[in-house]
$ cat coords-v2.cif   # mmCIF, C-alpha atoms
data_protein
#
loop_
_atom_site.group_PDB
_atom_site.id
_atom_site.type_symbol
_atom_site.label_atom_id
_atom_site.label_comp_id
_atom_site.auth_asym_id
_atom_site.auth_seq_id
_atom_site.Cartn_x
_atom_site.Cartn_y
_atom_site.Cartn_z
ATOM 1 C CA MET I 1 26.046 -28.007 -37.332
ATOM 2 C CA GLU I 2 28.075 -24.890 -38.156
ATOM 3 C CA LEU I 3 25.095 -22.633 -37.447
ATOM 4 C CA ALA I 4 24.660 -24.056 -33.941
ATOM 5 C CA THR I 5 28.378 -23.648 -33.235
ATOM 6 C CA SER I 6 28.452 -20.026 -34.390
ATOM 7 C CA ALA I 7 25.313 -19.178 -32.390
ATOM 8 C CA LYS I 8 26.921 -20.557 -29.239
ATOM 9 C CA SER I 9 30.039 -18.477 -29.779
ATOM 10 C CA LEU I 10 28.131 -15.182 -29.318
ATOM 11 C CA THR I 11 29.878 -13.441 -26.444
ATOM 12 C CA LYS I 12 28.586 -10.928 -23.935
ATOM 13 C CA ASP I 13 30.663 -8.204 -25.629
ATOM 14 C CA THR I 14 28.940 -8.897 -28.941
ATOM 15 C CA ALA I 15 25.528 -8.849 -27.248
ATOM 16 C CA ASP I 16 26.339 -5.532 -25.526
ATOM 17 C CA PHE I 17 27.506 -4.058 -28.836
ATOM 18 C CA ALA I 18 24.300 -5.218 -30.549
ATOM 19 C CA LYS I 19 22.190 -3.736 -27.744
ATOM 20 C CA SER I 20 24.013 -0.409 -28.004
ATOM 21 C CA ALA I 21 23.568 -0.384 -31.780
ATOM 22 C CA VAL I 22 19.810 -1.026 -31.471
ATOM 23 C CA MET I 23 19.419 1.674 -28.805
ATOM 24 C CA THR I 24 21.360 4.170 -30.914
ATOM 25 C CA LYS I 25 19.302 3.397 -34.015
ATOM 26 C CA LEU I 26 15.942 3.557 -32.215
ATOM 27 C CA PHE I 27 16.575 6.497 -29.901
ATOM 28 C CA LYS I 28 19.382 8.377 -31.727
ATOM 29 C CA ALA I 29 21.684 7.947 -28.722
ATOM 30 C CA PRO I 30 22.408 5.160 -26.234
ATOM 31 C CA THR I 31 20.527 5.712 -23.031
ATOM 32 C CA SER I 32 20.401 3.945 -19.686
ATOM 33 C CA GLU I 33 16.689 4.720 -19.224
ATOM 34 C CA PHE I 34 15.674 2.185 -21.868
ATOM 35 C CA ALA I 35 16.529 -1.499 -21.948
ATOM 36 C CA ILE I 36 15.739 -4.457 -24.119
ATOM 37 C CA LEU I 37 13.531 -7.030 -22.419
ATOM 38 C CA TRP I 38 13.827 -10.358 -24.191
ATOM 39 C CA GLY I 39 12.546 -13.719 -23.036
ATOM 40 C CA LEU I 40 9.983 -14.791 -20.460
ATOM 41 C CA LEU I 41 9.048 -12.257 -17.778
ATOM 42 C CA HIS I 42 7.699 -13.716 -14.510
ATOM 43 C CA ILE I 43 5.309 -11.328 -12.728
ATOM 44 C CA LYS I 44 3.437 -12.029 -9.492
ATOM 45 C CA ILE I 45 0.570 -9.738 -8.463
ATOM 46 C CA VAL I 46 0.061 -10.179 -4.719
ATOM 47 C CA ARG I 47 -2.322 -7.521 -3.391
ATOM 48 C CA CYS I 48 -3.388 -3.874 -3.203
ATOM 49 C CA LYS I 49 -4.021 -1.889 -0.038
ATOM 50 C CA ASN I 50 -6.256 1.042 0.901
ATOM 51 C CA LEU I 51 -7.897 1.555 -2.500
ATOM 52 C CA ARG I 52 -10.485 4.282 -3.034
ATOM 53 C CA ASN I 53 -14.159 3.350 -3.151
ATOM 54 C CA LEU I 54 -15.566 4.476 -6.499
ATOM 55 C CA ASP I 55 -18.786 2.439 -6.279
ATOM 56 C CA LYS I 56 -20.561 4.145 -3.372
ATOM 57 C CA LEU I 57 -22.799 6.229 -5.660
ATOM 58 C CA GLY I 58 -22.490 4.231 -8.879
ATOM 59 C CA LEU I 59 -25.095 2.713 -11.181
ATOM 60 C CA LYS I 60 -24.578 -0.697 -9.606
ATOM 61 C CA SER I 61 -25.575 0.564 -6.154
ATOM 62 C CA LEU I 62 -28.816 2.023 -7.555
ATOM 63 C CA ILE I 63 -29.787 -1.204 -9.363
ATOM 64 C CA VAL I 64 -28.647 -3.795 -6.821
ATOM 65 C CA LYS I 65 -29.553 -3.051 -3.210
ATOM 66 C CA ARG I 66 -26.739 -4.376 -1.036
ATOM 67 C CA LYS I 67 -25.271 -3.314 2.287
ATOM 68 C CA LYS I 68 -21.752 -3.341 0.959
ATOM 69 C CA ASP I 69 -20.959 -1.668 -2.380
ATOM 70 C CA LEU I 70 -17.211 -1.186 -2.756
ATOM 71 C CA SER I 71 -14.813 -1.006 -5.684
ATOM 72 C CA ASP I 72 -14.235 -4.190 -7.695
ATOM 73 C CA PRO I 73 -10.509 -3.903 -8.455
ATOM 74 C CA TYR I 74 -8.328 -5.673 -10.981
ATOM 75 C CA VAL I 75 -4.755 -5.060 -12.200
ATOM 76 C CA THR I 76 -3.276 -4.798 -15.697
ATOM 77 C CA ALA I 77 0.415 -4.503 -16.608
ATOM 78 C CA TRP I 78 1.652 -2.726 -19.738
ATOM 79 C CA LEU I 79 4.873 -2.398 -21.728
ATOM 80 C CA GLU I 80 4.191 0.781 -23.714
ATOM 81 C CA ASP I 81 0.942 -0.102 -25.623
ATOM 82 C CA TYR I 82 1.240 -3.880 -25.136
ATOM 83 C CA ARG I 83 -0.843 -5.432 -22.350
ATOM 84 C CA LEU I 84 1.170 -8.086 -20.539
ATOM 85 C CA LEU I 85 -1.478 -9.321 -18.106
ATOM 86 C CA LYS I 86 -4.871 -8.809 -16.509
ATOM 87 C CA THR I 87 -5.864 -10.259 -13.138
ATOM 88 C CA ARG I 88 -9.316 -11.413 -12.156
ATOM 89 C CA PHE I 89 -11.441 -8.755 -10.455
ATOM 90 C CA VAL I 90 -12.173 -9.021 -6.729
ATOM 91 C CA ASP I 91 -15.750 -8.099 -5.892
ATOM 92 C CA ASP I 92 -16.370 -5.425 -3.222
ATOM 93 C CA ASP I 93 -12.890 -5.171 -1.719
ATOM 94 C CA LEU I 94 -10.655 -2.163 -0.984
ATOM 95 C CA ASP I 95 -7.753 -4.417 0.112
ATOM 96 C CA PRO I 96 -7.876 -7.180 -2.521
ATOM 97 C CA VAL I 97 -5.566 -10.197 -2.482
ATOM 98 C CA PHE I 98 -4.919 -11.494 -6.013
ATOM 99 C CA ASP I 99 -1.960 -13.868 -5.511
ATOM 100 C CA GLU I 100 -1.701 -14.516 -9.278
ATOM 101 C CA GLU I 101 1.410 -15.388 -11.291
ATOM 102 C CA PHE I 102 1.999 -14.669 -14.966
ATOM 103 C CA TYR I 103 4.708 -15.699 -17.428
ATOM 104 C CA CYS I 104 4.780 -13.136 -20.230
ATOM 105 C CA PRO I 105 6.832 -13.462 -23.428
ATOM 106 C CA VAL I 106 8.582 -10.151 -24.119
ATOM 107 C CA ALA I 107 10.737 -8.687 -26.880
ATOM 108 C CA HIS I 108 10.499 -4.960 -26.175
ATOM 109 C CA VAL I 109 12.628 -1.857 -25.804
ATOM 110 C CA THR I 110 11.115 -0.088 -22.822
ATOM 111 C CA GLU I 111 11.636 2.231 -19.878
ATOM 112 C CA GLY I 112 9.624 -0.022 -17.575
ATOM 113 C CA ILE I 113 6.327 -1.669 -16.744
ATOM 114 C CA LYS I 114 3.205 0.325 -15.919
ATOM 115 C CA PHE I 115 0.733 -1.321 -13.547
ATOM 116 C CA LYS I 116 -2.830 0.027 -13.652
ATOM 117 C CA VAL I 117 -5.421 -0.735 -10.966
ATOM 118 C CA LYS I 118 -8.984 -0.280 -12.187
ATOM 119 C CA ASP I 119 -12.490 -0.614 -10.791
ATOM 120 C CA LYS I 120 -14.684 -2.957 -12.844
ATOM 121 C CA ASP I 121 -17.987 -1.263 -13.625
ATOM 122 C CA VAL I 122 -21.055 -1.997 -15.755
ATOM 123 C CA VAL I 123 -20.575 0.915 -18.160
ATOM 124 C CA LYS I 124 -16.882 1.925 -18.033
ATOM 125 C CA ASP I 125 -14.016 0.822 -15.805
ATOM 126 C CA GLU I 126 -12.502 3.627 -13.721
ATOM 127 C CA SER I 127 -8.879 4.104 -12.719
ATOM 128 C CA LEU I 128 -7.954 3.571 -9.075
ATOM 129 C CA GLY I 129 -4.258 4.281 -9.603
ATOM 130 C CA THR I 130 -1.054 3.451 -11.460
ATOM 131 C CA TYR I 131 2.469 2.404 -10.573
ATOM 132 C CA PHE I 132 5.524 2.582 -12.847
ATOM 133 C CA LEU I 133 8.335 0.059 -12.301
ATOM 134 C CA PRO I 134 11.553 1.195 -14.063
ATOM 135 C CA VAL I 135 13.298 -1.492 -16.083
ATOM 136 C CA GLN I 136 16.472 -1.019 -13.995
ATOM 137 C CA GLU I 137 14.596 -2.305 -10.914
ATOM 138 C CA LEU I 138 13.512 -5.586 -12.508
ATOM 139 C CA ILE I 139 15.128 -8.622 -10.931
#
$ encode --input "coords-v2.cif" --output "structure tokens"
Amino acid sequence: MELATSAKSLTKDTADFAKSAVMTKLFKAPTSEFAILWGLLHIKIVRCKNLRNLDKLGLKSLIVKRKKDLSDPYVTAWLEDYRLLKTRFVDDDLDPVFDEEFYCPVAHVTEGIKFKVKDKDVVKDESLGTYFLPVQELI
């Protein structure tokens, strides 16, 4: 019973002090670029627009004869070297709609989330682009 009472008495000032201490220890100085993400992160991937077509002269187009051979995009999200999520790939679409939601457990010190859009291929997936979302812009 005493443990539960003392855990509840943790104030915001104590939490801020602990955060500052961790940042100082990890990065030698407190910085506003990094933040501690702790808990459940809700991410919704809606769509991509105007992606490049990397499949027009690929191996797939030589093997499978089809009228339409476009990029097969999917999205991954990363916190440093930790992959948070991966969407399904959308076949032959330069304006894919994913409309997928993810709930990701996090306990990381980070500058932000990096989103990578890739083209699914038979041999090796190719990059279509990246987007970096700073931790300060997370809602």
$ resolve_selection --input "coords-v2.cif" --expression "the PyMOL selection byres ((chain I and resi 41-51) around 12)" --output "count of residues only"
57
$ atom_distance --input "coords-v2.cif" --atom1 "atom CA of I:Lys114" --atom2 "atom CA of I:Gln136"
13.5 Å
$ resolve_selection --input "coords-v2.cif" --expression "the PyMOL selection byres ((chain I and resi 33) around 9)" --output "list of chain:residue names"
I:Thr31, I:Ser32, I:Phe34, I:Ala35, I:Thr110, I:Glu111, I:Gly112, I:Pro134, I:Val135, I:Gln136
$ write_last_selection --input "coords-v2.cif" --atoms "C-alpha atoms" --output "JSON list (two decimals), in the coordinates of the input"
[["chain", "number", "residue", "atom", "x", "y", "z"],
["I", 31, "THR", "CA", 20.53, 5.71, -23.03],
["I", 32, "SER", "CA", 20.40, 3.94, -19.69],
["I", 34, "PHE", "CA", 15.67, 2.18, -21.87],
["I", 35, "ALA", "CA", 16.53, -1.50, -21.95],
["I", 110, "THR", "CA", 11.12, -0.09, -22.82],
["I", 111, "GLU", "CA", 11.64, 2.23, -19.88],
["I", 112, "GLY", "CA", 9.62, -0.02, -17.58],
["I", 134, "PRO", "CA", 11.55, 1.20, -14.06],
["I", 135, "VAL", "CA", 13.30, -1.49, -16.08],
["I", 136, "GLN", "CA", 16.47, -1.02, -14.00]]
